[in-house]
>>> print(open('coords_36.csv').read())   # CSV, C-alpha atoms
chain,number,residue,atom,x,y,z
A,275,MET,CA,93.2,-32.0,-40.5
A,276,GLY,CA,90.7,-30.2,-42.8
A,277,ARG,CA,87.4,-31.4,-44.1
A,278,THR,CA,87.2,-34.5,-46.1
A,279,PHE,CA,84.3,-35.6,-48.3
A,280,VAL,CA,83.7,-38.8,-50.3
A,281,GLU,CA,81.1,-39.5,-53.0
A,282,GLY,CA,78.7,-42.3,-52.5
A,283,VAL,CA,75.4,-43.7,-53.6
A,284,ILE,CA,72.5,-44.9,-51.4
A,285,THR,CA,69.8,-47.2,-52.9
A,286,GLY,CA,66.4,-47.2,-51.2
A,287,PRO,CA,63.1,-48.9,-52.1
A,288,SER,CA,61.9,-45.6,-53.6
A,289,GLU,CA,65.0,-44.4,-55.5
A,290,THR,CA,68.8,-44.2,-55.7
A,291,ARG,CA,70.6,-41.0,-54.8
A,292,GLN,CA,74.2,-39.8,-54.9
A,293,TYR,CA,75.7,-37.9,-51.9
A,294,SER,CA,78.8,-36.1,-51.0
A,295,PHE,CA,79.4,-37.6,-47.5
A,296,PHE,CA,81.3,-35.7,-44.9
A,297,VAL,CA,83.9,-38.0,-43.4
A,298,ASP,CA,83.6,-37.8,-39.7
A,299,THR,CA,86.5,-39.7,-38.1
A,300,GLY,CA,84.9,-39.1,-34.7
A,301,SER,CA,81.8,-41.1,-35.7
A,302,ALA,CA,81.4,-44.8,-36.1
A,303,LEU,CA,78.3,-45.1,-38.4
A,304,MET,CA,76.5,-43.3,-41.2
A,305,GLY,CA,74.0,-40.5,-41.0
A,306,LEU,CA,71.5,-38.9,-43.4
A,307,PRO,CA,69.0,-36.1,-43.0
A,308,VAL,CA,65.5,-37.2,-42.2
A,309,GLU,CA,64.2,-35.7,-45.5
A,310,GLU,CA,66.6,-38.0,-47.4
A,311,ILE,CA,65.7,-41.1,-45.3
A,312,GLU,CA,62.0,-40.4,-46.2
A,313,ALA,CA,62.7,-39.6,-49.9
A,314,LEU,CA,64.7,-42.9,-50.2
A,315,GLY,CA,61.8,-44.8,-48.6
A,316,LEU,CA,64.0,-46.4,-46.0
A,317,GLU,CA,62.3,-48.5,-43.4
A,318,GLU,CA,63.0,-48.5,-39.7
A,319,ILE,CA,64.9,-51.5,-38.4
A,320,PRO,CA,62.5,-53.4,-36.1
A,321,ASN,CA,63.3,-52.6,-32.5
A,322,GLY,CA,66.0,-50.3,-34.0
A,323,ARG,CA,65.9,-47.4,-31.6
A,324,ARG,CA,69.5,-46.9,-30.5
A,325,ARG,CA,71.4,-44.7,-28.1
A,326,PHE,CA,74.2,-42.7,-29.6
A,327,ILE,CA,76.8,-40.5,-28.0
A,328,THR,CA,76.8,-37.3,-30.1
A,329,ALA,CA,78.7,-34.0,-29.9
A,330,ASN,CA,75.6,-32.7,-28.0
A,331,GLY,CA,75.5,-35.6,-25.5
A,332,VAL,CA,73.5,-38.9,-25.5
A,333,ALA,CA,70.6,-39.1,-27.8
A,334,GLU,CA,68.2,-41.8,-29.0
A,335,PHE,CA,67.3,-42.3,-32.7
A,336,GLU,CA,65.4,-44.8,-34.9
A,337,THR,CA,67.8,-46.5,-37.2
A,338,TYR,CA,67.2,-47.6,-40.8
A,339,ARG,CA,68.8,-50.3,-43.1
A,340,ILE,CA,70.6,-49.0,-46.1
A,341,ASP,CA,72.5,-50.4,-49.1
A,342,GLY,CA,75.1,-48.3,-50.9
A,343,GLU,CA,78.4,-47.9,-52.5
A,344,ILE,CA,81.5,-45.7,-51.8
A,345,ARG,CA,84.4,-45.7,-54.2
A,346,GLY,CA,83.1,-48.8,-55.9
A,347,ARG,CA,82.8,-50.8,-52.7
A,348,GLY,CA,79.3,-52.0,-51.8
A,349,PHE,CA,78.0,-52.0,-48.2
A,350,ALA,CA,74.9,-52.7,-46.1
A,351,THR,CA,74.6,-51.0,-42.8
A,352,MET,CA,72.3,-49.0,-40.5
A,353,VAL,CA,71.9,-45.2,-40.8
A,354,ALA,CA,70.7,-42.7,-38.2
A,355,PRO,CA,69.1,-39.3,-38.7
A,356,CYS,CA,71.8,-36.6,-39.0
A,357,PRO,CA,71.8,-33.0,-40.2
A,358,ILE,CA,74.2,-33.8,-43.1
A,359,PRO,CA,75.1,-36.9,-45.0
A,360,LEU,CA,78.1,-38.4,-43.2
A,361,VAL,CA,80.2,-41.5,-43.0
A,362,GLY,CA,82.1,-42.6,-39.9
A,363,TYR,CA,85.5,-44.3,-39.4
A,364,GLU,CA,84.0,-47.7,-38.8
A,365,MET,CA,82.3,-47.8,-42.2
A,366,LEU,CA,85.5,-46.7,-43.9
A,367,GLN,CA,87.6,-49.3,-42.0
A,368,ASN,CA,85.1,-52.1,-43.0
A,369,MET,CA,85.6,-51.1,-46.6
A,370,ARG,CA,89.4,-50.9,-46.2
A,371,LEU,CA,89.4,-47.2,-46.8
A,372,ARG,CA,91.0,-44.4,-44.8
A,373,VAL,CA,91.6,-40.7,-44.7
A,374,ASN,CA,95.1,-39.6,-45.8
A,375,PRO,CA,96.0,-36.8,-43.4
A,376,VAL,CA,98.4,-35.2,-45.9
A,377,SER,CA,96.1,-35.1,-49.0
A,378,GLU,CA,92.9,-35.0,-46.9
A,379,GLU,CA,91.3,-37.5,-49.3
A,380,VAL,CA,89.8,-41.0,-48.8
A,381,GLU,CA,92.1,-43.6,-50.2
A,382,GLU,CA,92.2,-47.4,-50.4
A,383,VAL,CA,94.3,-49.4,-48.0
A,384,PRO,CA,96.7,-51.7,-49.9
A,385,ASP,CA,95.9,-55.4,-49.8
A,386,ASP,CA,99.2,-56.2,-48.2
A,387,GLU,CA,98.8,-53.7,-45.4
A,388,ILE,CA,97.3,-54.9,-42.1
A,389,HIS,CA,94.5,-52.4,-41.2
A,390,PRO,CA,91.6,-52.3,-38.8
A,391,PRO,CA,89.3,-54.0,-38.3
A,392,TYR,CA,91.8,-56.6,-37.4
A,393,MET,CA,90.6,-60.2,-38.1
A,394,ILE,CA,92.2,-63.3,-36.6
A,395,SER,CA,91.8,-65.1,-39.9
A,396,ARG,CA,94.3,-62.7,-41.4
A,397,PHE,CA,97.0,-63.9,-39.1
A,398,SER,CA,96.4,-67.6,-39.5
>>> encode(input="coords_36.csv", output="C-alpha coordinates")
Amino acid sequence: MGRTFVEGVITGPSETRQYSFFVDTGSALMGLPVEEIEALGLEEIPNGRRRFITANGVAEFETYRIDGEIRGRGFATMVAPCPIPLVGYEMLQNMRLRVNPVSEEVEEVPDDEIHPPYMISRFS
(Lines of atoms letter the chains of each structure in order from A and count residues from 1; the text may use other names and numbers.)
(Lines give C-alpha, C1' and ligand atoms only; values in the text may rest on other atoms or scores of the structure.)
Protein backbone atom coordinates (compact mmCIF):
# COMPACT_ATOMS: atom_id res chain seq x y z
CA MET A 1 0.00 0.00 0.00
CA GLY A 2 1.17 3.54 -0.71
CA ARG A 3 0.94 6.65 1.41
CA THR A 4 -2.44 7.90 2.51
CA PHE A 5 -3.23 11.34 3.89
CA VAL A 6 -6.47 12.76 5.28
CA GLU A 7 -7.35 16.38 5.95
CA GLY A 8 -8.34 17.38 9.46
CA VAL A 9 -8.65 20.28 11.86
CA ILE A 10 -7.35 20.60 15.43
CA THR A 11 -8.77 23.23 17.77
CA GLY A 12 -6.62 24.35 20.65
CA PRO A 13 -7.01 27.11 23.25
CA SER A 14 -4.80 29.42 21.16
CA GLU A 15 -6.06 28.73 17.65
CA THR A 16 -7.48 26.28 15.12
CA ARG A 17 -5.26 24.77 12.43
CA GLN A 18 -5.80 22.51 9.45
CA TYR A 19 -3.49 19.55 8.83
CA SER A 20 -2.84 16.92 6.24
CA PHE A 21 -2.46 13.88 8.51
CA PHE A 22 -0.37 10.93 7.41
CA VAL A 23 -2.48 7.81 8.00
CA ASP A 24 -0.30 5.39 9.93
CA THR A 25 -2.07 2.04 10.06
CA GLY A 26 0.69 0.80 12.36
CA SER A 27 -0.08 3.46 14.97
CA ALA A 28 -2.98 3.58 17.38
CA LEU A 29 -3.18 7.26 18.28
CA MET A 30 -2.49 10.72 16.92
CA GLY A 31 0.74 12.67 16.73
CA LEU A 32 1.70 16.30 16.13
CA PRO A 33 5.07 18.05 16.01
CA VAL A 34 6.05 19.77 19.27
CA GLU A 35 5.97 23.16 17.51
CA GLU A 36 2.32 22.58 16.57
CA ILE A 37 1.39 21.44 20.08
CA GLU A 38 2.89 24.66 21.42
CA ALA A 39 1.31 26.88 18.73
CA LEU A 40 -2.14 25.43 19.45
CA GLY A 41 -1.64 26.04 23.16
CA LEU A 42 -2.40 22.44 24.09
CA GLU A 43 -2.07 21.59 27.75
CA GLU A 44 -0.48 18.44 29.08
CA ILE A 45 -2.82 15.80 30.45
CA PRO A 46 -2.24 15.63 34.24
CA ASN A 47 -0.06 12.59 34.94
CA GLY A 48 -0.11 12.12 31.16
CA ARG A 49 3.38 10.79 30.62
CA ARG A 50 2.90 7.54 28.68
CA ARG A 51 5.08 4.79 27.27
CA PHE A 52 4.73 4.09 23.57
CA ILE A 53 6.20 1.42 21.35
CA THR A 54 7.61 3.28 18.36
CA ALA A 55 9.51 2.25 15.24
CA ASN A 56 12.65 3.13 17.21
CA GLY A 57 11.72 1.19 20.34
CA VAL A 58 9.95 2.11 23.59
CA ALA A 59 9.81 5.82 24.38
CA GLU A 60 8.05 8.00 26.96
CA PHE A 61 6.21 11.17 26.01
CA GLU A 62 3.94 13.71 27.62
CA THR A 63 0.44 13.58 26.16
CA TYR A 64 -1.99 16.39 25.42
CA ARG A 65 -5.77 16.58 25.06
CA ILE A 66 -7.05 17.69 21.68
CA ASP A 67 -10.36 18.31 19.94
CA GLY A 68 -10.68 18.06 16.21
CA GLU A 69 -12.51 16.96 13.14
CA ILE A 70 -11.70 14.59 10.29
CA ARG A 71 -14.05 14.21 7.32
CA GLY A 72 -16.78 16.04 9.22
CA ARG A 73 -16.54 13.75 12.25
CA GLY A 74 -15.59 15.33 15.55
CA PHE A 75 -13.31 13.73 18.10
CA ALA A 76 -11.57 14.31 21.42
CA THR A 77 -8.47 12.30 22.20
CA MET A 78 -4.88 12.51 23.33
CA VAL A 79 -1.97 13.38 21.11
CA ALA A 80 1.73 12.69 21.55
CA PRO A 81 4.70 14.54 20.08
CA CYS A 82 5.62 13.19 16.65
CA PRO A 83 7.80 14.47 13.78
CA ILE A 84 4.80 14.80 11.42
CA PRO A 85 1.02 15.12 11.87
CA LEU A 86 -0.34 11.59 11.86
CA VAL A 87 -3.50 9.70 12.67
CA GLY A 88 -3.50 6.02 13.65
CA TYR A 89 -5.87 3.17 12.96
CA GLU A 90 -7.61 3.35 16.36
CA MET A 91 -8.75 6.92 15.73
CA LEU A 92 -10.00 6.00 12.26
CA GLN A 93 -11.89 2.96 13.56
CA ASN A 94 -13.51 5.00 16.34
CA MET A 95 -14.79 7.43 13.71
CA ARG A 96 -15.95 4.55 11.45
CA LEU A 97 -13.36 5.41 8.83
CA ARG A 98 -10.87 3.12 7.08
CA VAL A 99 -8.22 3.10 4.39
CA ASN A 100 -9.33 1.59 1.09
CA PRO A 101 -6.30 -0.46 -0.03
CA VAL A 102 -7.22 -0.09 -3.72
CA SER A 103 -7.83 3.67 -3.90
CA GLU A 104 -5.44 4.40 -0.98
CA GLU A 105 -7.97 6.92 0.35
CA VAL A 106 -9.80 7.23 3.65
CA GLU A 107 -13.44 6.27 3.31
CA GLU A 108 -16.50 6.02 5.55
CA VAL A 109 -17.63 2.60 6.70
CA PRO A 110 -21.28 2.02 5.69
CA ASP A 111 -23.72 2.08 8.62
CA ASP A 112 -24.92 -1.46 7.87
CA GLU A 113 -21.40 -2.93 7.96
CA ILE A 114 -19.98 -4.35 11.18
CA HIS A 115 -16.60 -2.74 11.73
CA PRO A 116 -14.12 -2.42 14.59
CA PRO A 117 -14.29 -1.42 17.31
CA TYR A 118 -16.86 -4.12 17.87
CA MET A 119 -19.45 -3.17 20.47
CA ILE A 120 -21.63 -5.71 22.26
CA SER A 121 -24.54 -3.31 22.02
CA ARG A 122 -24.47 -3.68 18.23
CA PHE A 123 -25.33 -7.34 18.53
CA SER A 124 -28.17 -7.03 21.00
>>> atom_distance(input="coords_36.csv", atom1="CA of Thr328 in chain A", atom2="CA of Gln367 in chain A")
20.1 Å
>>> residues_around(input="coords_36.csv", residues="Cys356 in chain A", least_positions_apart="2", cutoff="12 Å", atoms="all atoms listed in the file", output="list in words")
Phe295, Phe296, Asp298, Ser301, Leu303, Met304, Gly305, Leu306, Pro307, Val308, Glu309, Glu310, Ile311, Phe326, Thr328, Ala329, Ala333, Glu334, Phe335, Glu336, Thr337, Val353, Ala354, Ile358, Pro359, Leu360, Val361 and Gly362 of chain A
>>> atom_distance(input="coords_36.csv", atom1="CA of Glu318 in chain A", atom2="CA of Gly286 in chain A")
12.1 Å
>>> axis_aligned_box(input="coords_36.csv", around="range 372-375 of chain A", padding_each_side="5 Å", output="JSON")
{"center_x": 93.5, "center_y": -40.6, "center_z": -44.6, "size_x": 15.0, "size_y": 17.6, "size_z": 12.4}
>>> residues_near_point(input="coords_36.csv", point="(58.0, -46.7, -54.8)", cutoff="12 Å", atoms="only C-alpha atoms", output="number ranges by chain")
A: 285-290, 312-316
>>> write_last_selection(input="coords_36.csv", atoms="C-alpha atoms", output="PDB file, in the coordinates of the input")
ATOM      1  CA  THR A 285      69.800 -47.200 -52.900  1.00  0.00           C
ATOM      2  CA  GLY A 286      66.400 -47.200 -51.200  1.00  0.00           C
ATOM      3  CA  PRO A 287      63.100 -48.900 -52.100  1.00  0.00           C
ATOM      4  CA  SER A 288      61.900 -45.600 -53.600  1.00  0.00           C
ATOM      5  CA  GLU A 289      65.000 -44.400 -55.500  1.00  0.00           C
ATOM      6  CA  THR A 290      68.800 -44.200 -55.700  1.00  0.00           C
ATOM      7  CA  GLU A 312      62.000 -40.400 -46.200  1.00  0.00           C
ATOM      8  CA  ALA A 313      62.700 -39.600 -49.900  1.00  0.00           C
ATOM      9  CA  LEU A 314      64.700 -42.900 -50.200  1.00  0.00           C
ATOM     10  CA  GLY A 315      61.800 -44.800 -48.600  1.00  0.00           C
ATOM     11  CA  LEU A 316      64.000 -46.400 -46.000  1.00  0.00           C
TER      12      LEU A 316
END
>>> atom_distance(input="coords_36.csv", atom1="CA of Arg370 in chain A", atom2="CA of Glu382 in chain A")
6.1 Å
>>> closest_residue(input="coords_36.csv", among="A:Glu317, A:Pro357, A:Arg325, A:Val297", to="Leu371 in chain A", atoms="only C-alpha atoms")
A:Val297
>>> residues_near_point(input="coords_36.csv", point="(81.5, -41.3, -50.3)", cutoff="6 Å", atoms="only C-alpha atoms", output="number ranges by chain")
A: 280-282, 294-295, 344
>>> residues_around(input="coords_36.csv", residues="Val283 in chain A", least_positions_apart="4", cutoff="6 Å", atoms="all atoms listed in the file", output="MDAnalysis selection string")
chainID A and resid 291:292 342:343
>>> closest_residue(input="coords_36.csv", among="A:Thr299, A:Ile388, A:Tyr293, A:Val383", to="Arg277 in chain A", atoms="only C-alpha atoms")
A:Thr299
>>> residues_around(input="coords_36.csv", residues="Ala350 in chain A", least_positions_apart="6", cutoff="10 Å", atoms="all atoms listed in the file", output="list in words")
Ile284, Arg339, Ile340, Asp341, Gly342, Glu343 and Met365 of chain A
>>> residues_around(input="coords_36.csv", residues="Glu378 in chain A", least_positions_apart="3", cutoff="8 Å", atoms="all atoms listed in the file", output="list in words")
Met275, Gly276, Arg277, Thr278, Val373, Asn374 and Pro375 of chain A
>>> write_last_selection(input="coords_36.csv", atoms="C-alpha atoms", output="short mmCIF file (atom, residue, chain, number, x, y, z; two decimals), in the frame of the given file")
data_model
loop_
_atom_site.label_atom_id
_atom_site.label_comp_id
_atom_site.auth_asym_id
_atom_site.auth_seq_id
_atom_site.Cartn_x
_atom_site.Cartn_y
_atom_site.Cartn_z
CA MET A 275 93.20 -32.00 -40.50
CA GLY A 276 90.70 -30.20 -42.80
CA ARG A 277 87.40 -31.40 -44.10
CA THR A 278 87.20 -34.50 -46.10
CA VAL A 373 91.60 -40.70 -44.70
CA ASN A 374 95.10 -39.60 -45.80
CA PRO A 375 96.00 -36.80 -43.40
#
>>> closest_residue(input="coords_36.csv", among="A:Asp386, A:Leu366, A:Met352, A:Gly346", to="Arg324 in chain A", atoms="all atoms listed in the file")
A:Met352
>>> closest_residue(input="coords_36.csv", among="A:Asn330, A:Glu387, A:Ile319, A:Glu364", to="Gly300 in chain A", atoms="all atoms listed in the file")
A:Glu364
>>> closest_residue(input="coords_36.csv", among="A:Phe279, A:Gly331, A:Gly322, A:Phe349", to="Val380 in chain A", atoms="all atoms listed in the file")
A:Phe279
>>> build_atoms(input="coords_36.csv", residues="range 277-288 of chain A", atoms="N, CA, C and O atoms", output="PDB file, keeping the file's coordinate frame")
ATOM      1  N   ARG A 277      88.625 -30.645 -43.823  1.00  0.00           N
ATOM      2  CA  ARG A 277      87.400 -31.400 -44.100  1.00  0.00           C
ATOM      3  C   ARG A 277      87.540 -32.279 -45.263  1.00  0.00           C
ATOM      4  O   ARG A 277      88.030 -31.872 -46.310  1.00  0.00           O
ATOM      5  N   THR A 278      87.076 -33.506 -45.081  1.00  0.00           N
ATOM      6  CA  THR A 278      87.200 -34.500 -46.100  1.00  0.00           C
ATOM      7  C   THR A 278      85.766 -34.965 -46.511  1.00  0.00           C
ATOM      8  O   THR A 278      84.935 -35.206 -45.637  1.00  0.00           O
ATOM      9  N   PHE A 279      85.537 -35.095 -47.805  1.00  0.00           N
ATOM     10  CA  PHE A 279      84.300 -35.600 -48.300  1.00  0.00           C
ATOM     11  C   PHE A 279      84.546 -36.741 -49.263  1.00  0.00           C
ATOM     12  O   PHE A 279      85.620 -36.811 -49.880  1.00  0.00           O
ATOM     13  N   VAL A 280      83.594 -37.663 -49.374  1.00  0.00           N
ATOM     14  CA  VAL A 280      83.700 -38.800 -50.300  1.00  0.00           C
ATOM     15  C   VAL A 280      82.346 -38.985 -50.963  1.00  0.00           C
ATOM     16  O   VAL A 280      81.312 -38.865 -50.313  1.00  0.00           O
ATOM     17  N   GLU A 281      82.380 -39.249 -52.252  1.00  0.00           N
ATOM     18  CA  GLU A 281      81.100 -39.500 -53.000  1.00  0.00           C
ATOM     19  C   GLU A 281      80.629 -40.877 -52.770  1.00  0.00           C
ATOM     20  O   GLU A 281      81.417 -41.821 -52.662  1.00  0.00           O
ATOM     21  N   GLY A 282      79.326 -41.009 -52.700  1.00  0.00           N
ATOM     22  CA  GLY A 282      78.700 -42.300 -52.500  1.00  0.00           C
ATOM     23  C   GLY A 282      77.293 -42.334 -52.997  1.00  0.00           C
ATOM     24  O   GLY A 282      76.708 -41.292 -53.319  1.00  0.00           O
ATOM     25  N   VAL A 283      76.742 -43.525 -53.071  1.00  0.00           N
ATOM     26  CA  VAL A 283      75.400 -43.700 -53.600  1.00  0.00           C
ATOM     27  C   VAL A 283      74.624 -44.559 -52.528  1.00  0.00           C
ATOM     28  O   VAL A 283      75.160 -45.524 -51.979  1.00  0.00           O
ATOM     29  N   ILE A 284      73.375 -44.170 -52.264  1.00  0.00           N
ATOM     30  CA  ILE A 284      72.500 -44.900 -51.400  1.00  0.00           C
ATOM     31  C   ILE A 284      71.300 -45.379 -52.241  1.00  0.00           C
ATOM     32  O   ILE A 284      70.705 -44.571 -52.959  1.00  0.00           O
ATOM     33  N   THR A 285      70.955 -46.663 -52.138  1.00  0.00           N
ATOM     34  CA  THR A 285      69.800 -47.200 -52.900  1.00  0.00           C
ATOM     35  C   THR A 285      68.729 -47.566 -51.856  1.00  0.00           C
ATOM     36  O   THR A 285      68.961 -48.343 -50.936  1.00  0.00           O
ATOM     37  N   GLY A 286      67.577 -46.955 -52.026  1.00  0.00           N
ATOM     38  CA  GLY A 286      66.400 -47.200 -51.200  1.00  0.00           C
ATOM     39  C   GLY A 286      65.324 -47.856 -51.983  1.00  0.00           C
ATOM     40  O   GLY A 286      65.412 -47.937 -53.211  1.00  0.00           O
ATOM     41  N   PRO A 287      64.248 -48.291 -51.337  1.00  0.00           N
ATOM     42  CA  PRO A 287      63.100 -48.900 -52.100  1.00  0.00           C
ATOM     43  C   PRO A 287      62.484 -47.877 -53.054  1.00  0.00           C
ATOM     44  O   PRO A 287      61.966 -48.279 -54.088  1.00  0.00           O
ATOM     45  N   SER A 288      62.540 -46.577 -52.745  1.00  0.00           N
ATOM     46  CA  SER A 288      61.900 -45.600 -53.600  1.00  0.00           C
ATOM     47  C   SER A 288      62.800 -45.093 -54.739  1.00  0.00           C
ATOM     48  O   SER A 288      62.328 -44.831 -55.833  1.00  0.00           O
TER      49      SER A 288
END
